[in-house]
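Everything below belongs to target_11.csv, which stores CSV, C-alpha atoms.
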```csv
chain,number,residue,atom,x,y,z
A,19,THR,CA,-42.7,-69.4,16.0
A,20,ARG,CA,-40.7,-68.8,19.2
A,21,ARG,CA,-41.9,-66.3,21.7
A,22,ASN,CA,-40.2,-64.6,24.6
A,23,THR,CA,-41.7,-64.4,28.0
A,24,LEU,CA,-43.6,-61.2,27.2
A,25,GLY,CA,-45.4,-62.8,24.3
A,26,SER,CA,-43.6,-60.8,21.6
A,27,VAL,CA,-42.6,-62.6,18.4
A,28,LYS,CA,-38.8,-63.1,18.2
A,29,GLY,CA,-37.2,-62.0,15.0
A,30,PRO,CA,-36.8,-58.9,12.8
A,31,PRO,CA,-39.5,-57.1,10.9
A,32,LEU,CA,-37.2,-57.1,7.8
A,33,ARG,CA,-35.0,-59.5,5.9
A,34,GLN,CA,-32.1,-61.0,7.9
A,35,HIS,CA,-29.4,-58.9,6.2
A,36,ALA,CA,-31.3,-55.7,6.9
A,37,TRP,CA,-31.9,-56.7,10.5
A,38,LYS,CA,-28.3,-57.4,11.1
A,39,ARG,CA,-27.4,-54.0,9.8
A,40,TYR,CA,-30.1,-52.4,11.9
A,41,THR,CA,-28.9,-54.0,15.1
A,42,LEU,CA,-25.3,-52.9,14.4
A,43,LEU,CA,-26.4,-49.3,13.9
A,44,ALA,CA,-29.2,-49.1,16.4
A,45,ARG,CA,-27.1,-47.8,19.3
A,46,HIS,CA,-25.1,-45.4,17.2
A,47,SER,CA,-27.8,-43.0,16.0
A,48,LEU,CA,-26.9,-39.4,15.9
A,49,VAL,CA,-30.5,-38.3,16.3
A,50,MET,CA,-30.8,-36.6,19.7
A,51,LYS,CA,-34.4,-37.7,20.1
A,52,THR,CA,-33.4,-41.3,19.9
A,53,ILE,CA,-30.5,-40.9,22.3
A,54,SER,CA,-32.8,-39.4,24.9
A,55,LYS,CA,-35.3,-42.3,24.4
A,56,LEU,CA,-32.6,-45.0,24.8
A,57,LEU,CA,-31.3,-43.4,28.0
A,58,HIS,CA,-34.6,-44.4,29.5
A,59,CYS,CA,-34.7,-47.9,27.9
A,60,LEU,CA,-31.7,-49.6,29.4
A,61,PRO,CA,-33.9,-52.1,31.4
A,62,LEU,CA,-35.3,-53.3,28.0
A,63,LEU,CA,-32.0,-54.4,26.4
A,64,GLY,CA,-32.9,-58.0,27.0
A,65,ILE,CA,-36.2,-57.8,25.1
A,66,ALA,CA,-35.9,-59.0,21.5
A,67,GLY,CA,-39.4,-58.7,20.3
A,68,GLY,CA,-40.2,-55.3,18.8
A,69,TYR,CA,-43.9,-55.8,18.4
A,70,SER,CA,-46.7,-54.8,20.6
A,71,ASP,CA,-48.5,-58.0,19.9
A,72,ALA,CA,-47.9,-61.2,18.0
A,73,ARG,CA,-50.3,-60.1,15.3
A,74,ASP,CA,-48.2,-57.0,14.7
A,75,ARG,CA,-45.3,-59.0,13.2
A,76,PRO,CA,-45.0,-58.3,9.4
A,77,ASP,CA,-45.6,-61.1,6.9
A,78,ARG,CA,-42.6,-62.8,5.4
A,79,PRO,CA,-41.0,-60.1,3.2
A,80,SER,CA,-40.5,-60.5,-0.5
A,81,ALA,CA,-38.1,-58.9,-2.9
A,82,ALA,CA,-38.3,-55.1,-3.2
A,83,ARG,CA,-40.8,-55.0,-0.4
A,84,THR,CA,-42.3,-51.7,0.7
A,85,TYR,CA,-43.9,-50.7,4.0
A,86,ASN,CA,-46.7,-48.4,4.9
A,87,TYR,CA,-45.7,-46.3,7.9
A,88,PHE,CA,-48.2,-44.1,9.8
A,89,ALA,CA,-46.5,-41.1,11.4
A,90,PHE,CA,-48.3,-39.1,14.1
A,91,GLY,CA,-45.5,-37.2,15.7
A,92,SER,CA,-42.5,-35.2,14.5
A,93,ASN,CA,-42.2,-37.6,11.5
A,94,MET,CA,-45.4,-36.0,10.0
A,95,ALA,CA,-43.2,-33.2,8.8
A,96,SER,CA,-41.7,-34.2,5.5
A,97,SER,CA,-38.5,-32.4,6.4
A,98,THR,CA,-38.0,-34.7,9.4
A,99,MET,CA,-38.1,-37.7,7.1
A,100,ILE,CA,-36.0,-36.2,4.3
A,101,ASN,CA,-33.5,-33.9,6.0
A,102,LEU,CA,-33.2,-35.2,9.5
A,103,ARG,CA,-33.5,-39.0,8.8
A,104,ASN,CA,-32.2,-38.8,5.3
A,105,LEU,CA,-35.0,-40.9,3.8
A,106,SER,CA,-36.7,-40.9,0.4
A,107,PRO,CA,-40.4,-41.6,0.9
A,108,LEU,CA,-42.0,-43.2,-2.2
A,109,ALA,CA,-45.4,-41.6,-1.5
A,110,SER,CA,-47.2,-39.8,1.3
A,111,THR,CA,-50.7,-38.7,2.2
A,112,ALA,CA,-52.9,-37.5,5.0
A,113,ALA,CA,-54.5,-40.3,7.0
A,114,VAL,CA,-56.6,-40.9,10.1
A,115,LEU,CA,-56.3,-43.7,12.6
A,116,PRO,CA,-59.6,-44.6,14.3
A,117,ALA,CA,-60.1,-46.0,17.8
A,118,HIS,CA,-56.7,-44.7,19.0
A,119,LYS,CA,-55.6,-41.7,21.1
A,120,LEU,CA,-52.5,-39.5,20.8
A,121,ARG,CA,-50.4,-39.9,23.9
A,122,PHE,CA,-47.2,-38.3,25.2
A,123,ASN,CA,-46.1,-41.3,27.4
A,124,LEU,CA,-42.7,-42.0,26.1
A,125,PRO,CA,-40.1,-40.5,28.5
A,126,GLY,CA,-37.3,-38.4,27.3
A,127,ALA,CA,-34.8,-36.1,28.9
A,128,PRO,CA,-36.3,-33.9,31.6
A,129,LEU,CA,-36.1,-30.1,31.0
A,130,ILE,CA,-34.8,-30.8,27.5
A,131,GLU,CA,-37.2,-33.1,25.6
A,132,PRO,CA,-39.5,-34.5,28.4
A,133,SER,CA,-41.5,-36.8,26.2
A,134,SER,CA,-42.3,-38.1,22.7
A,135,ALA,CA,-45.7,-39.0,21.2
A,136,SER,CA,-47.2,-42.4,20.9
A,137,VAL,CA,-50.5,-43.9,20.0
A,138,GLU,CA,-52.6,-46.2,22.1
A,139,PRO,CA,-55.8,-48.1,21.2
A,140,SER,CA,-58.9,-46.6,22.7
A,141,SER,CA,-62.5,-47.5,23.1
A,142,GLY,CA,-63.6,-43.9,23.6
A,143,ASP,CA,-66.3,-42.6,21.3
A,144,GLY,CA,-64.7,-40.5,18.5
A,145,ASP,CA,-61.1,-41.1,19.5
A,146,VAL,CA,-58.9,-40.7,16.4
A,147,VAL,CA,-55.3,-39.8,15.5
A,148,HIS,CA,-54.6,-37.9,12.4
A,149,GLY,CA,-51.2,-38.1,10.7
A,150,VAL,CA,-49.3,-38.9,7.5
A,151,LEU,CA,-49.1,-42.3,5.8
A,152,PHE,CA,-45.7,-42.8,4.2
A,153,LYS,CA,-44.8,-45.5,1.7
A,154,LEU,CA,-41.2,-46.5,2.4
A,155,SER,CA,-38.6,-48.9,0.9
A,156,GLU,CA,-37.4,-51.7,3.2
A,157,ASP,CA,-34.1,-49.8,3.9
A,158,ASP,CA,-35.9,-46.6,4.8
A,159,PHE,CA,-38.4,-48.5,7.0
A,160,ALA,CA,-35.4,-50.1,8.8
A,161,THR,CA,-34.0,-46.6,9.3
A,162,VAL,CA,-37.2,-45.4,10.9
A,163,CYS,CA,-37.2,-48.3,13.3
A,164,ARG,CA,-33.5,-47.6,14.2
A,165,THR,CA,-33.9,-43.9,14.7
A,166,GLU,CA,-37.1,-44.3,16.7
A,167,GLY,CA,-35.5,-46.9,19.0
A,168,VAL,CA,-37.4,-50.0,18.1
A,169,PRO,CA,-37.7,-52.2,20.1
A,170,PHE,CA,-36.3,-50.4,23.1
A,171,ALA,CA,-38.4,-47.3,23.1
A,172,TYR,CA,-41.2,-48.1,20.7
A,173,VAL,CA,-42.7,-51.4,19.4
A,174,LEU,CA,-44.3,-51.8,16.0
A,175,HIS,CA,-48.0,-51.7,16.0
A,176,ARG,CA,-50.1,-52.9,13.0
A,177,CYS,CA,-53.1,-50.8,12.3
A,178,ASN,CA,-55.6,-49.7,9.6
A,179,VAL,CA,-55.7,-46.1,8.6
A,180,VAL,CA,-58.1,-44.2,6.3
A,181,THR,CA,-56.3,-42.0,3.8
A,182,TYR,CA,-57.6,-38.7,2.6
A,183,THR,CA,-56.6,-35.6,0.6
A,184,GLY,CA,-56.1,-32.9,3.3
A,185,ASP,CA,-58.0,-29.7,2.9
A,186,GLY,CA,-57.5,-28.1,6.3
A,187,GLY,CA,-61.2,-28.6,7.0
A,188,THR,CA,-63.1,-31.8,7.5
A,189,ALA,CA,-61.8,-34.1,4.7
A,190,GLY,CA,-60.4,-36.6,7.2
A,191,ALA,CA,-63.6,-36.9,9.2
A,192,SER,CA,-65.6,-37.2,6.0
A,193,ALA,CA,-63.4,-40.0,4.7
A,194,LEU,CA,-63.6,-41.9,8.0
A,195,ARG,CA,-67.4,-41.5,8.1
A,196,ARG,CA,-67.7,-42.9,4.5
A,197,GLU,CA,-65.4,-45.8,5.5
A,198,MET,CA,-67.6,-46.6,8.6
A,199,GLU,CA,-70.7,-46.4,6.5
A,200,GLY,CA,-69.5,-49.1,4.0
A,201,GLY,CA,-66.2,-48.3,2.4
A,202,GLN,CA,-65.8,-51.7,0.9
A,203,ALA,CA,-68.9,-51.2,-1.3
A,204,ARG,CA,-67.8,-47.8,-2.4
A,205,GLY,CA,-64.1,-48.4,-2.8
A,206,SER,CA,-62.4,-48.5,0.5
A,207,SER,CA,-59.7,-46.0,1.5
A,208,SER,CA,-58.5,-48.1,4.4
A,209,VAL,CA,-54.9,-49.1,4.3
A,210,SER,CA,-52.9,-51.6,6.5
A,211,ALA,CA,-49.9,-49.9,8.0
A,212,PHE,CA,-47.4,-50.0,10.8
A,213,THR,CA,-47.1,-47.3,13.5
A,214,LEU,CA,-45.3,-47.0,16.8
A,215,ARG,CA,-46.5,-47.7,20.3
A,216,ALA,CA,-44.7,-47.1,23.6
A,217,ALA,CA,-42.7,-50.3,24.4
A,218,ARG,CA,-43.4,-50.6,28.1
A,219,LYS,CA,-46.8,-51.3,29.6
A,220,SER,CA,-45.9,-49.1,32.6
A,221,TRP,CA,-45.4,-46.2,30.1
A,222,ARG,CA,-48.7,-46.9,28.5
A,223,ASP,CA,-50.6,-47.0,31.8
A,224,ARG,CA,-49.3,-43.8,33.3
A,225,MET,CA,-50.3,-40.2,32.8
A,226,ASP,CA,-48.8,-38.3,29.9
A,227,ILE,CA,-45.7,-36.2,30.3
A,228,PRO,CA,-46.1,-32.7,28.7
A,229,PRO,CA,-43.7,-32.4,25.7
A,230,SER,CA,-41.5,-29.4,24.8
A,231,GLN,CA,-42.9,-26.5,22.9
A,232,GLY,CA,-40.4,-27.2,20.1
A,233,TYR,CA,-41.6,-30.8,19.7
A,234,LEU,CA,-45.2,-29.6,19.5
A,235,ASN,CA,-44.2,-27.0,16.9
A,236,VAL,CA,-42.9,-29.8,14.7
A,237,LEU,CA,-46.1,-31.7,15.0
A,238,VAL,CA,-48.1,-28.6,14.1
A,239,ARG,CA,-45.8,-28.0,11.2
A,240,GLY,CA,-46.5,-31.5,9.8
A,241,ALA,CA,-50.2,-31.1,10.3
A,242,VAL,CA,-50.3,-27.8,8.4
A,243,GLU,CA,-48.1,-29.2,5.7
A,244,TYR,CA,-50.5,-32.1,5.0
A,245,ARG,CA,-53.6,-30.0,5.7
A,246,LEU,CA,-54.9,-32.3,8.4
A,247,ASP,CA,-58.4,-31.6,9.7
A,248,LYS,CA,-58.9,-28.2,11.3
A,249,LYS,CA,-60.3,-29.7,14.5
A,250,TYR,CA,-57.2,-31.9,14.9
A,251,LEU,CA,-54.9,-29.0,14.2
A,252,SER,CA,-56.6,-27.0,16.9
A,253,PHE,CA,-56.2,-29.9,19.3
A,254,LEU,CA,-52.5,-30.0,18.6
A,255,GLU,CA,-52.2,-26.3,19.1
A,256,SER,CA,-54.1,-26.5,22.4
A,257,ILE,CA,-51.7,-29.0,24.0
A,258,LYS,CA,-49.8,-27.3,26.9
A,259,PRO,CA,-46.0,-27.8,26.8
A,260,GLY,CA,-44.0,-29.0,29.7
A,261,MET,CA,-41.3,-27.1,31.5
A,262,THR,CA,-38.0,-27.1,29.5
A,263,ILE,CA,-34.8,-25.1,29.2
A,264,GLY,CA,-35.7,-23.1,26.1
A,265,ASN,CA,-38.0,-24.8,23.7
A,266,GLY,CA,-36.3,-28.2,23.7
A,267,LEU,CA,-34.1,-29.7,20.9
A,268,ALA,CA,-36.6,-31.2,18.4
A,269,GLU,CA,-37.2,-28.0,16.4
A,270,GLN,CA,-33.5,-27.0,16.6
A,271,ALA,CA,-32.4,-30.4,15.4
A,272,LEU,CA,-34.7,-30.2,12.4
A,273,SER,CA,-33.6,-26.6,11.6
A,274,PHE,CA,-29.9,-27.8,11.7
A,275,ALA,CA,-30.7,-30.7,9.4
A,276,GLU,CA,-32.4,-28.4,6.9
A,277,LEU,CA,-29.4,-26.0,6.9
A,278,ARG,CA,-27.1,-29.0,6.4
A,279,GLY,CA,-29.2,-30.2,3.5
A,280,GLN,CA,-29.2,-26.8,1.9
A,281,GLU,CA,-25.5,-26.6,2.1
A,282,GLY,CA,-25.1,-30.0,0.6
A,283,ARG,CA,-27.4,-29.1,-2.3
A,284,ARG,CA,-25.4,-25.9,-3.0
A,285,ARG,CA,-22.2,-27.9,-3.1
A,286,ILE,CA,-23.7,-30.3,-5.6
A,287,GLY,CA,-25.1,-27.4,-7.7
```

Rendering of file as structure tokens:
Amino acid sequence: TRRNTLGSVKGPPLRQHAWKRYTLLARHSLVMKTISKLLHCLPLLGIAGGYSDARDRPDRPSAARTYNYFAFGSNMASSTMINLRNLSPLASTAAVLPAHKLRFNLPGAPLIEPSSASVEPSSGDGDVVHGVLFKLSEDDFATVCRTEGVPFAYVLHRCNVVTYTGDGGTAGASALRREMEGGQARGSSSVSAFTLRAARKSWRDRMDIPPSQGYLNVLVRGAVEYRLDKKYLSFLESIKPGMTIGNGLAEQALSFAELRGQEGRRRIG
């Protein structure tokens, strides 16, 4: 396998025909969030990897392959996936990612959308990230990569998450504790998945950039929808937003996509 100078594996995460289509569309996304990311990623245009580590490269795909994608940011809200990104998730459930921290280290547009969320491995005791595990078709997974700016803004990061049925209480913490106590013997709920990590080491190493209130509102919306653990919801609600003109664009873009979807459904009806 060829590697570039940064140690990333060269080559796409999907079949060649899907990758070619992805590269053609990657710079023409209409999603405002992605545009703001790419504005800060021009120095990375020469990087062809797309993975945070060689081990993160997906296995050789087979026919009708599906992908497990762990969402921790605005993609937690099903409306983001369905209305804004025009995807059709095959399944979804609450999940928790152990030994990682939620970060806001991906730079955006100052005073508009200052930052986006990422996850970073952590050795801190009790560090976890709750989110939503989506099962996606190959085409939909390619769309997620494209609209999230992989490999320019994010890189794919392979992880293992523990799924649970959200109850708005402590279901996630209980599922994780059972897994740590010997999930294999009792029927493991651990699932291999891909998630997104900030592409540049300099971004990972610096302090977080407070996100917009609108962006945080979308995260909270997803957490409430999937009834993530109460402690984690409280954590999201406690995050202080950064200085922006208005509340940012994330929530407005989602509302616009929802209205557009409603109008489309009325026309069909």

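Across A:Glu131, A:Glu138, A:Asp145, A:Glu276, the tightest approach to A:Tyr250 is made by A:Asp145 when counting only C-alpha atoms.
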
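Distance annotation: of A:Glu197, A:Glu255, A:Asp223, A:Asp157, the residue with the minimal separation from A:Val236 is A:Glu255; atom set is only C-alpha atoms.
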
Discussion item. Env of stretch 205-216 of chain A: 6 Å cut, atoms = all atoms listed in the file, seq-sep filter 2 positions within chain, self excluded. Answer as a PyMOL selection string.
Written reply: chain A and resi 86-88+136-137+172-181+201-203+218

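Each of A:Arg103, A:Asn93, A:Asp185, A:Thr262 was compared to A:Arg164 using all atoms listed in the file, and A:Arg103 turns out to be the nearest.
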
Worksheet item: In Å to one decimal, how far is atom CA of A:Phe159 from atom CA of A:Gly240?
Response: 19.0 Å

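Each of A:Val147, A:Lys153, A:Gly260, A:Val242 was compared to A:Gly187 using only C-alpha atoms, and A:Val242 turns out to be the nearest.
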
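If you look at atom CA of A:Ser96 and atom CA of A:Ala217, they are 24.8 Å away from each other.
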
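Going from atom CA of A:Arg245 over to atom CA of A:Gly167, you cover 28.1 Å.
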
Worksheet item: Smallest atom-to-atom distance to A:Ala112: which of A:Gly149, A:Pro259, A:Gly126, A:Pro132, using all atoms listed in the file?
Response: A:Gly149

Discussion item. With distances taken over only C-alpha atoms, which residue among A:Met198, A:Val150, A:Ile286, A:Ile130 lies nearest A:Tyr233?
Written reply: A:Ile130

Mind filling out stretch 140-151 of chain A with all heavy atoms and sending it as a short mmCIF file (atom, residue, chain, number, x, y, z; two decimals), in the coordinates of the input?
```cif
data_model
loop_
_atom_site.label_atom_id
_atom_site.label_comp_id
_atom_site.auth_asym_id
_atom_site.auth_seq_id
_atom_site.Cartn_x
_atom_site.Cartn_y
_atom_site.Cartn_z
N SER A 140 -57.89 -47.19 21.82
CA SER A 140 -58.90 -46.60 22.70
C SER A 140 -60.27 -46.99 22.32
O SER A 140 -60.58 -47.16 21.14
CB SER A 140 -58.75 -45.04 22.64
OG SER A 140 -59.79 -44.41 23.35
N SER A 141 -61.11 -47.15 23.32
CA SER A 141 -62.50 -47.50 23.10
C SER A 141 -63.41 -46.26 23.21
O SER A 141 -64.63 -46.37 23.13
CB SER A 141 -62.97 -48.57 24.07
OG SER A 141 -62.79 -48.13 25.41
N GLY A 142 -62.80 -45.11 23.41
CA GLY A 142 -63.60 -43.90 23.60
C GLY A 142 -64.29 -43.50 22.27
O GLY A 142 -63.75 -43.66 21.17
N ASP A 143 -65.47 -42.99 22.41
CA ASP A 143 -66.30 -42.60 21.30
C ASP A 143 -65.61 -41.42 20.54
O ASP A 143 -65.36 -40.38 21.13
CB ASP A 143 -67.68 -42.21 21.71
CG ASP A 143 -68.59 -41.90 20.54
OD1 ASP A 143 -68.40 -42.51 19.47
OD2 ASP A 143 -69.48 -41.03 20.69
N GLY A 144 -65.30 -41.60 19.27
CA GLY A 144 -64.70 -40.50 18.50
C GLY A 144 -63.23 -40.34 18.62
O GLY A 144 -62.68 -39.40 18.04
N ASP A 145 -62.54 -41.23 19.34
CA ASP A 145 -61.10 -41.10 19.50
C ASP A 145 -60.41 -41.45 18.15
O ASP A 145 -60.58 -42.54 17.61
CB ASP A 145 -60.57 -42.03 20.57
CG ASP A 145 -60.86 -41.51 21.96
OD1 ASP A 145 -61.17 -40.31 22.08
OD2 ASP A 145 -60.78 -42.29 22.93
N VAL A 146 -59.65 -40.50 17.64
CA VAL A 146 -58.90 -40.70 16.40
C VAL A 146 -57.57 -40.00 16.49
O VAL A 146 -57.39 -39.09 17.30
CB VAL A 146 -59.68 -40.14 15.16
CG1 VAL A 146 -60.99 -40.87 14.94
CG2 VAL A 146 -59.91 -38.65 15.29
N VAL A 147 -56.64 -40.43 15.67
CA VAL A 147 -55.30 -39.80 15.50
C VAL A 147 -55.12 -39.50 14.06
O VAL A 147 -55.16 -40.41 13.23
CB VAL A 147 -54.20 -40.66 16.08
CG1 VAL A 147 -52.85 -39.96 15.88
CG2 VAL A 147 -54.42 -40.97 17.56
N HIS A 148 -54.91 -38.24 13.73
CA HIS A 148 -54.60 -37.90 12.40
C HIS A 148 -53.06 -37.86 12.19
O HIS A 148 -52.33 -37.60 13.14
CB HIS A 148 -55.15 -36.50 12.01
CG HIS A 148 -56.64 -36.47 11.85
ND1 HIS A 148 -57.27 -36.41 10.62
CD2 HIS A 148 -57.62 -36.50 12.78
CE1 HIS A 148 -58.57 -36.40 10.81
NE2 HIS A 148 -58.81 -36.46 12.12
N GLY A 149 -52.62 -38.14 10.98
CA GLY A 149 -51.20 -38.10 10.70
C GLY A 149 -50.91 -38.28 9.25
O GLY A 149 -51.75 -37.95 8.40
N VAL A 150 -49.73 -38.81 8.94
CA VAL A 150 -49.30 -38.90 7.50
C VAL A 150 -48.89 -40.38 7.29
O VAL A 150 -48.12 -40.98 8.06
CB VAL A 150 -48.10 -38.00 7.26
CG1 VAL A 150 -47.63 -38.16 5.81
CG2 VAL A 150 -48.49 -36.55 7.54
N LEU A 151 -49.42 -40.94 6.21
CA LEU A 151 -49.10 -42.30 5.80
C LEU A 151 -47.96 -42.20 4.76
O LEU A 151 -48.13 -41.60 3.70
CB LEU A 151 -50.28 -43.01 5.20
CG LEU A 151 -50.03 -44.45 4.75
CD1 LEU A 151 -49.76 -45.36 5.95
CD2 LEU A 151 -51.22 -44.98 3.94
#
```
